[in-house]
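One file, query00.cif, is given below (mmCIF, C-alpha atoms).
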```cif
data_work
#
loop_
_atom_site.label_atom_id
_atom_site.label_comp_id
_atom_site.auth_asym_id
_atom_site.auth_seq_id
_atom_site.Cartn_x
_atom_site.Cartn_y
_atom_site.Cartn_z
CA MET N 130 63.62 36.38 48.93
CA ALA N 131 61.03 38.35 50.83
CA ASP N 132 63.30 38.38 53.86
CA GLU N 133 66.16 39.94 51.98
CA SER N 134 66.63 43.34 53.54
CA LYS N 135 67.07 46.37 51.43
CA ALA N 136 68.84 49.25 53.09
CA LEU N 137 67.49 52.72 52.92
CA LYS N 138 69.61 54.78 50.61
CA VAL N 139 69.35 57.57 48.14
CA GLN N 140 69.13 56.10 44.69
CA LYS N 141 69.60 58.18 41.66
CA GLU N 142 66.27 58.67 40.04
CA THR N 143 66.23 57.77 36.41
CA ALA N 144 64.79 60.31 34.07
CA LEU N 145 62.33 58.83 31.64
CA ALA N 146 63.57 58.80 28.07
CA GLU N 147 60.82 60.05 25.85
CA PRO N 148 60.71 60.41 22.09
CA THR N 149 58.53 63.49 22.34
CA GLU N 150 58.82 66.59 24.46
CA ARG N 151 56.76 67.29 27.50
CA THR N 152 54.53 70.32 27.72
CA ARG N 153 55.33 70.75 31.41
CA GLU N 154 58.70 72.26 32.10
CA CYS N 155 60.02 69.70 34.57
CA GLN N 156 61.76 66.37 34.63
CA CYS N 157 59.88 63.11 34.52
CA PHE N 158 61.21 60.27 36.65
CA ILE N 159 60.67 56.56 36.78
CA PRO N 160 59.45 55.97 40.33
CA ARG N 161 60.80 53.09 42.38
CA ALA N 162 58.35 50.25 42.82
CA ASP N 163 57.82 47.00 44.66
CA ILE N 164 55.55 44.38 43.17
CA TYR N 165 54.33 41.31 44.96
CA GLU N 166 51.82 38.64 44.21
CA THR N 167 49.47 36.91 46.57
CA ASP N 168 46.92 34.21 45.82
CA GLU N 169 44.24 36.74 44.94
CA ASN N 170 46.05 39.95 44.04
CA ILE N 171 49.02 41.56 42.48
CA VAL N 172 50.09 44.52 44.59
CA VAL N 173 52.12 47.38 43.17
CA VAL N 174 53.74 49.78 45.65
CA VAL N 175 55.18 52.95 44.14
CA ASP N 176 57.18 55.76 45.80
CA MET N 177 55.89 59.08 44.54
CA PRO N 178 56.89 61.75 47.06
CA GLY N 179 55.59 65.25 46.42
CA VAL N 180 52.57 64.18 44.40
CA ASP N 181 49.09 65.12 45.52
CA LYS N 182 46.45 62.40 45.80
CA ASN N 183 44.31 64.12 43.17
CA SER N 184 47.04 64.38 40.60
CA ILE N 185 47.66 60.68 40.13
CA ASP N 186 46.40 58.97 36.98
CA ILE N 187 46.25 55.23 36.76
CA THR N 188 45.17 53.49 33.58
CA LEU N 189 44.92 49.85 32.63
CA ASP N 190 44.78 49.30 28.90
CA LYS N 191 44.52 45.60 28.10
CA ASN N 192 47.44 44.39 30.19
CA ILE N 193 49.49 47.59 30.30
CA LEU N 194 49.27 49.38 33.61
CA THR N 195 50.40 53.01 33.48
CA ILE N 196 50.93 55.17 36.53
CA ASN N 197 51.29 58.93 36.18
CA GLY N 198 51.90 61.36 39.01
CA TYR N 199 52.20 65.10 38.67
CA SER N 200 54.23 67.00 41.26
CA ASP N 201 53.79 70.52 42.39
CA VAL N 202 57.02 72.01 41.07
CA ASP N 203 56.60 75.50 42.50
CA SER N 204 59.50 76.63 44.64
CA PRO N 205 58.84 78.16 48.07
CA GLU N 206 58.13 81.86 47.77
CA GLY N 207 60.87 84.25 48.84
CA TYR N 208 63.53 81.58 49.01
CA SER N 209 66.36 80.66 46.71
CA LEU N 210 67.75 77.17 46.38
CA VAL N 211 71.21 77.03 47.91
CA PHE N 212 71.88 73.31 47.98
CA ALA N 213 70.20 70.50 46.07
CA GLU N 214 70.41 66.76 46.29
CA TYR N 215 67.19 65.83 44.59
CA GLU N 216 65.06 67.18 41.83
CA VAL N 217 61.33 67.61 41.86
CA GLY N 218 59.48 66.22 38.89
CA ASP N 219 56.65 64.13 37.59
CA TYR N 220 56.54 60.37 37.65
CA GLU N 221 55.60 57.93 34.97
CA ARG N 222 55.93 54.20 34.80
CA SER N 223 54.25 51.40 32.88
CA PHE N 224 54.12 47.69 33.62
CA ARG N 225 53.07 44.84 31.40
CA LEU N 226 51.04 42.48 33.54
CA SER N 227 51.18 38.79 32.82
CA ASP N 228 48.06 37.58 34.60
CA HIS N 229 44.60 38.68 33.63
CA ILE N 230 43.48 41.42 35.94
CA ASP N 231 39.93 42.25 36.86
CA GLY N 232 40.01 45.88 35.75
CA ASP N 233 36.82 46.86 37.54
CA LYS N 234 38.06 45.92 40.98
CA ILE N 235 41.41 47.70 41.07
CA GLU N 236 41.92 49.58 44.29
CA ALA N 237 44.33 52.46 44.77
CA ALA N 238 45.40 54.06 48.04
CA TYR N 239 47.86 56.88 48.51
CA LYS N 240 49.46 57.76 51.81
CA ASP N 241 52.65 59.63 52.78
CA GLY N 242 54.02 59.63 49.25
CA VAL N 243 53.45 55.95 48.58
CA LEU N 244 50.87 54.59 46.17
CA HIS N 245 49.39 51.14 46.81
CA LEU N 246 47.64 49.49 43.92
CA THR N 247 45.79 46.27 44.50
CA LEU N 248 45.04 44.47 41.27
CA PRO N 249 42.75 41.48 41.80
CA LYS N 250 43.30 38.54 39.50
CA ALA N 251 40.36 37.71 37.24
CA GLU N 252 38.38 34.59 38.04
CA GLU N 253 39.35 32.80 34.84
CA ALA N 254 43.00 33.50 35.50
CA LYS N 255 42.75 31.91 38.91
CA ALA N 256 40.94 28.90 37.45
CA ARG N 257 43.55 28.42 34.78
CA LYS N 258 46.15 27.34 37.32
CA ILE N 259 47.02 23.72 36.60
CA SER N 260 48.97 21.78 39.14
CA VAL N 261 51.64 19.48 37.84
CA LYS N 262 51.57 16.04 39.29
CA THR N 263 54.67 13.98 39.64
CA GLY N 264 54.84 10.33 38.77
CA MET A 152 102.65 85.99 30.53
CA TYR A 153 104.38 87.64 33.45
CA TRP A 154 105.89 85.43 36.11
CA ARG A 155 107.00 86.93 39.32
CA TYR A 156 109.61 84.26 39.90
CA ARG A 157 111.43 82.35 37.31
CA THR A 158 109.81 78.96 37.17
CA PRO A 159 111.27 76.08 35.21
CA SER A 160 109.07 75.64 32.20
CA ILE A 161 108.27 72.02 33.04
CA TRP A 162 106.40 73.10 36.20
CA GLN A 163 104.31 75.48 34.23
CA ASP A 164 103.38 72.63 31.94
CA MET A 165 102.60 70.39 34.89
CA ASN A 166 100.41 73.04 36.45
CA ARG A 167 98.57 73.51 33.24
CA LEU A 168 98.09 69.78 32.89
CA GLN A 169 96.71 69.55 36.40
CA ARG A 170 94.26 72.38 35.80
CA GLU A 171 93.18 70.79 32.58
CA MET A 172 92.59 67.41 34.24
CA ASN A 173 90.61 68.99 37.06
CA ARG A 174 88.45 70.80 34.59
CA LEU A 175 87.80 67.64 32.60
CA LEU A 176 86.85 65.63 35.67
CA ARG A 177 84.64 68.38 36.99
CA ASP A 178 82.73 68.53 33.76
CA TYR A 179 82.43 64.79 33.50
CA TYR A 180 80.72 64.18 36.82
CA PRO A 181 77.43 65.99 37.21
CA ARG A 182 77.29 68.05 40.38
CA ARG A 183 74.84 65.93 42.29
CA TRP A 184 76.87 62.75 41.84
CA ARG A 185 80.03 64.00 43.43
CA ASN A 186 79.08 63.09 46.96
CA ALA A 187 76.47 60.38 47.11
CA PRO A 188 74.10 61.84 49.70
CA SER A 189 73.01 59.78 52.67
CA PHE A 190 69.31 59.16 53.15
CA PRO A 191 67.19 61.25 52.99
CA ALA A 192 68.23 63.52 50.16
CA VAL A 193 67.64 67.14 51.10
CA ASN A 194 67.19 70.42 49.31
CA ILE A 195 68.02 73.59 51.19
CA TRP A 196 66.31 76.87 50.47
CA ALA A 197 67.39 80.07 52.12
CA ASN A 198 66.74 83.75 52.40
CA GLU A 199 68.16 86.34 54.75
CA GLU A 200 65.97 85.46 57.69
CA SER A 201 65.49 81.74 57.53
CA ALA A 202 66.20 78.47 55.83
CA LEU A 203 63.82 75.84 54.58
CA ILE A 204 64.96 72.25 54.34
CA THR A 205 62.94 69.81 52.32
CA ALA A 206 63.49 66.06 52.27
CA GLU A 207 61.81 63.26 50.38
CA VAL A 208 60.90 60.50 52.80
CA PRO A 209 58.17 58.44 51.14
CA GLY A 210 56.57 55.73 53.23
CA VAL A 211 57.62 57.20 56.55
CA ASN A 212 54.95 57.93 59.09
CA ALA A 213 54.95 61.49 60.44
CA ASP A 214 55.12 60.13 64.01
CA ASP A 215 58.27 58.20 63.19
CA ILE A 216 60.29 61.27 62.28
CA ASP A 217 62.50 62.92 64.91
CA ILE A 218 63.91 66.36 64.32
CA ASN A 219 66.48 67.74 66.73
CA VAL A 220 68.10 71.13 66.56
CA VAL A 221 71.05 71.81 68.84
CA GLY A 222 72.80 75.08 68.14
CA GLU A 223 73.82 74.89 64.54
CA THR A 224 73.26 71.20 64.00
CA LEU A 225 70.06 69.70 62.70
CA THR A 226 69.55 65.98 63.11
CA LEU A 227 66.88 64.10 61.22
CA SER A 228 66.13 60.56 62.16
CA GLY A 229 63.34 58.10 61.70
CA SER A 230 62.40 54.78 60.32
CA CYS A 231 60.62 53.46 57.29
CA LYS A 232 58.78 50.24 57.95
CA ALA A 233 58.91 47.35 55.56
CA GLU A 234 55.69 46.28 53.93
CA GLU A 235 53.87 43.58 55.86
CA LEU A 236 53.23 40.86 53.36
CA PRO A 237 50.37 38.41 53.65
CA GLU A 238 51.22 34.75 53.68
CA ASN A 239 52.28 33.10 50.40
CA ALA A 240 53.17 36.46 48.91
CA VAL A 241 56.08 36.49 46.52
CA TYR A 242 58.06 39.54 45.47
CA HIS A 243 58.36 40.06 41.73
CA ARG A 244 60.32 43.23 42.00
CA ARG A 245 61.85 45.09 44.91
CA GLU A 246 63.36 48.52 44.50
CA ARG A 247 62.19 50.47 47.52
CA GLY A 248 64.25 50.59 50.67
CA TYR A 249 63.33 50.50 54.32
CA GLY A 250 64.99 50.73 57.68
CA ARG A 251 66.27 53.38 60.05
CA PHE A 252 67.93 56.57 58.98
CA THR A 253 69.82 59.39 60.69
CA ARG A 254 71.27 62.41 59.09
CA SER A 255 72.92 65.48 60.57
CA LEU A 256 73.27 68.75 58.78
CA GLN A 257 75.52 71.59 59.80
CA LEU A 258 73.75 74.91 59.41
CA PRO A 259 75.66 78.09 58.71
CA TYR A 260 74.06 79.95 61.62
CA SER A 261 72.28 79.40 64.95
CA VAL A 262 68.61 78.63 64.75
CA ASP A 263 65.86 80.05 66.91
CA VAL A 264 64.86 76.66 68.31
CA ASN A 265 61.47 77.80 69.62
CA LYS A 266 60.31 78.88 66.20
CA VAL A 267 61.30 75.82 64.20
CA GLU A 268 58.33 74.34 62.40
CA ALA A 269 58.04 71.14 60.44
CA THR A 270 55.34 69.94 58.09
CA PHE A 271 54.95 66.62 56.39
CA LYS A 272 52.87 66.32 53.27
CA ASN A 273 52.73 63.68 50.57
CA GLY A 274 55.99 62.13 51.68
CA VAL A 275 57.90 65.40 51.67
CA LEU A 276 59.18 66.84 54.95
CA SER A 277 59.70 70.61 55.17
CA ILE A 278 61.51 72.18 58.10
CA TYR A 279 61.41 75.92 58.62
CA LEU A 280 64.49 77.18 60.47
CA PRO A 281 64.51 80.87 61.39
CA ARG A 282 67.74 82.58 62.30
CA VAL A 283 68.38 83.86 65.80
CA GLY A 284 67.36 87.53 65.86
CA GLU A 285 70.68 89.18 66.67
CA GLU A 286 72.51 87.13 64.08
CA LYS A 287 70.50 88.40 61.15
CA PRO A 288 72.63 90.16 58.59
CA LYS A 289 72.83 93.93 58.92
CA LYS A 290 72.84 95.97 55.83
CA ILE A 291 75.73 98.39 55.64
CA ILE A 292 75.29 101.47 53.61
CA VAL A 293 78.27 102.79 51.75
CA LYS A 294 78.44 106.53 52.13
CA SER A 295 79.79 108.52 49.33
CA ALA A 296 82.36 111.05 50.45
#
```
Turn the structure described in the file into structure tokens.
Amino acid sequence: MADESKALKVQKETALAEPTERTRECQCFIPRADIYETDENIVVVVDMPGVDKNSIDITLDKNILTINGYSDVDSPEGYSLVFAEYEVGDYERSFRLSDHIDGDKIEAAYKDGVLHLTLPKAEEAKARKISVKTG
Amino acid sequence: MYWRYRTPSIWQDMNRLQREMNRLLRDYYPRRWRNAPSFPAVNIWANEESALITAEVPGVNADDIDINVVGETLTLSGSCKAEELPENAVYHRRERGYGRFTRSLQLPYSVDVNKVEATFKNGVLSIYLPRVGEEKPKKIIVKSA
């Protein structure tokens, strides 16, 4: 499955449906994400173009991981928008994690609009793996 | 209603029906869905002297982006590398794309190639395209007689 290629294309960003209104006057999108699991970690890769490194909030509450990114929605000064294919907005997405995660050792890196979150599995979660024997 | 030529009434009805259908379809599809844009999606900002093109290209390295301006055509190309997975890694979810992209945009005027500037910040590419000097719009004053 990892070899399955995924072509680069513009996907329509889904606006987040919220029961309450936002205080910021801009759209909030669900960012696209890849998630993969290795023996030690769960890695979450999220596309958040236009967000500054300092305006990303990541919280882990029990097993709910929430990623928030706030974009700079100011338009360039002295220009008017004549053609638009994408909208600028904030990002928010939550994941329910199945394995126990060691919350103290989460690492986050942000580069070129992509957030990399490395969530190490907790020791007890690794130990709980039981191999099934045949026969 | 005044008709310059006598038109059989059925054609008037057909015309009206066609207009009505066009209006319905136009309202039904939001503007940005009408032509699915090719990658990357761009926004174009303009004023009288220059244009500013912004494109969202997350995960692309600044060195992997090529911008070419020939006359009135701007070509953006580059590549987005796939994540290098360690051994035994398994994807749970895969939504992001990768690969090569090329996109050409036709600009409404010639660009002063020597003054084009591009910046890349937080996955957003901005290209500043100033107009060639002599092609800048001239303001015409209407004299009152």
Given only C-alpha atoms, how would the per-residue table for chain N near chain A read, listing every residue at most 6 Å away with its closest atom pair and distance in Å to one decimal, sorted by chain and number, as a tab-separated table?
```
residue	atom	partner	partner_atom	distance
N:Lys135	CA	A:Gly248	CA	5.1
N:Ala136	CA	A:Gly248	CA	5.4
N:Leu137	CA	A:Gly248	CA	4.5
N:Lys138	CA	A:Phe190	CA	5.1
N:Val139	CA	A:Phe190	CA	5.3
N:Arg161	CA	A:Glu246	CA	5.7
N:Ala162	CA	A:Glu246	CA	5.6
N:Asp163	CA	A:Arg245	CA	4.5
N:Ile164	CA	A:Arg244	CA	5.0
N:Tyr165	CA	A:Tyr242	CA	4.2
N:Glu166	CA	A:Val241	CA	5.3
N:Thr167	CA	A:Ala240	CA	4.4
N:Pro178	CA	A:Gly274	CA	4.7
N:Gly179	CA	A:Asn273	CA	5.3
N:Tyr208	CA	A:Asn198	CA	5.1
N:Ser209	CA	A:Trp196	CA	5.3
N:Leu210	CA	A:Trp196	CA	4.3
N:Val211	CA	A:Trp196	CA	5.5
N:Phe212	CA	A:Ile195	CA	5.0
N:Ala213	CA	A:Asn194	CA	4.4
N:Glu214	CA	A:Ala192	CA	5.5
N:Asp241	CA	A:Gly274	CA	4.3
N:Gly242	CA	A:Gly274	CA	4.0
N:Val243	CA	A:Gly210	CA	5.6
```
* Two-atom distance - CA of Cys155 (chain N), CA of Leu244 (chain N) (Å) -> 21.1 Å
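Among the candidates A:Ala296, A:Val221, A:Ile278, A:Leu175, the one nearest to Ser261 (chain A) when counting only C-alpha atoms is A:Val221.
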* Write out as a VMD selection string which residues come within 12 Å of Phe158 (chain N) when counting all atoms listed in the file, dropping same-chain ones fewer than 6 positions away. => chain N and resid 141 to 147 176 to 178 196 to 200 215 to 223
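Listed by chain and then by number, the residues chosen by the PyMOL selection byres ((chain N and resi 192-195) around 6) in this file are Ile187, Thr188, Leu189, Asp190, Lys191, Ile196, Arg222, Ser223, Phe224, Arg225 and Leu226 of chain N.
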Dump as a compact mmCIF listing (two decimals), in the frame of the given file, selection limited to C-alpha atoms:
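The result, written out as part-v2.txt:
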```txt
# COMPACT_ATOMS: atom_id res chain seq x y z
CA ILE N 187 46.25 55.23 36.76
CA THR N 188 45.17 53.49 33.58
CA LEU N 189 44.92 49.85 32.63
CA ASP N 190 44.78 49.30 28.90
CA LYS N 191 44.52 45.60 28.10
CA ILE N 196 50.93 55.17 36.53
CA ARG N 222 55.93 54.20 34.80
CA SER N 223 54.25 51.40 32.88
CA PHE N 224 54.12 47.69 33.62
CA ARG N 225 53.07 44.84 31.40
CA LEU N 226 51.04 42.48 33.54
```
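In this model, the gap between CA of Glu253 (chain N) and CA of Gly232 (chain N) comes to 13.1 Å.
The space separating CA of Glu169 (chain N) from CA of Ala251 (chain N) comes to 8.7 Å.
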* **All residues 7 Å or closer to Ser228 (chain A), only C-alpha atoms, same chain fewer than 4 positions away omitted, as a PyMOL selection string** => chain A and resi 216-218+252-254
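Residues in contact range of Ala237 (chain N), defined as at most 12 Å between all atoms listed in the file, with sequence neighbours fewer than 3 positions away removed, read Val172, Val173, Val174, Val175, Lys182, Asn183, Ile185, Asp186, Ile187, Thr188, Ile196, Gly232, Asp233, Lys234, Lys240, Val243, Leu244, His245, Leu246, Thr247, Leu248 and Pro249 of chain N.
Taken over the shown file, the PyMOL selection byres ((chain A and resi 288) around 12) identifies Asn198, Glu199, Glu200, Ser201, Tyr260, Arg282, Val283, Gly284, Glu285, Glu286, Lys287, Lys289, Lys290 and Ile291 of chain A.
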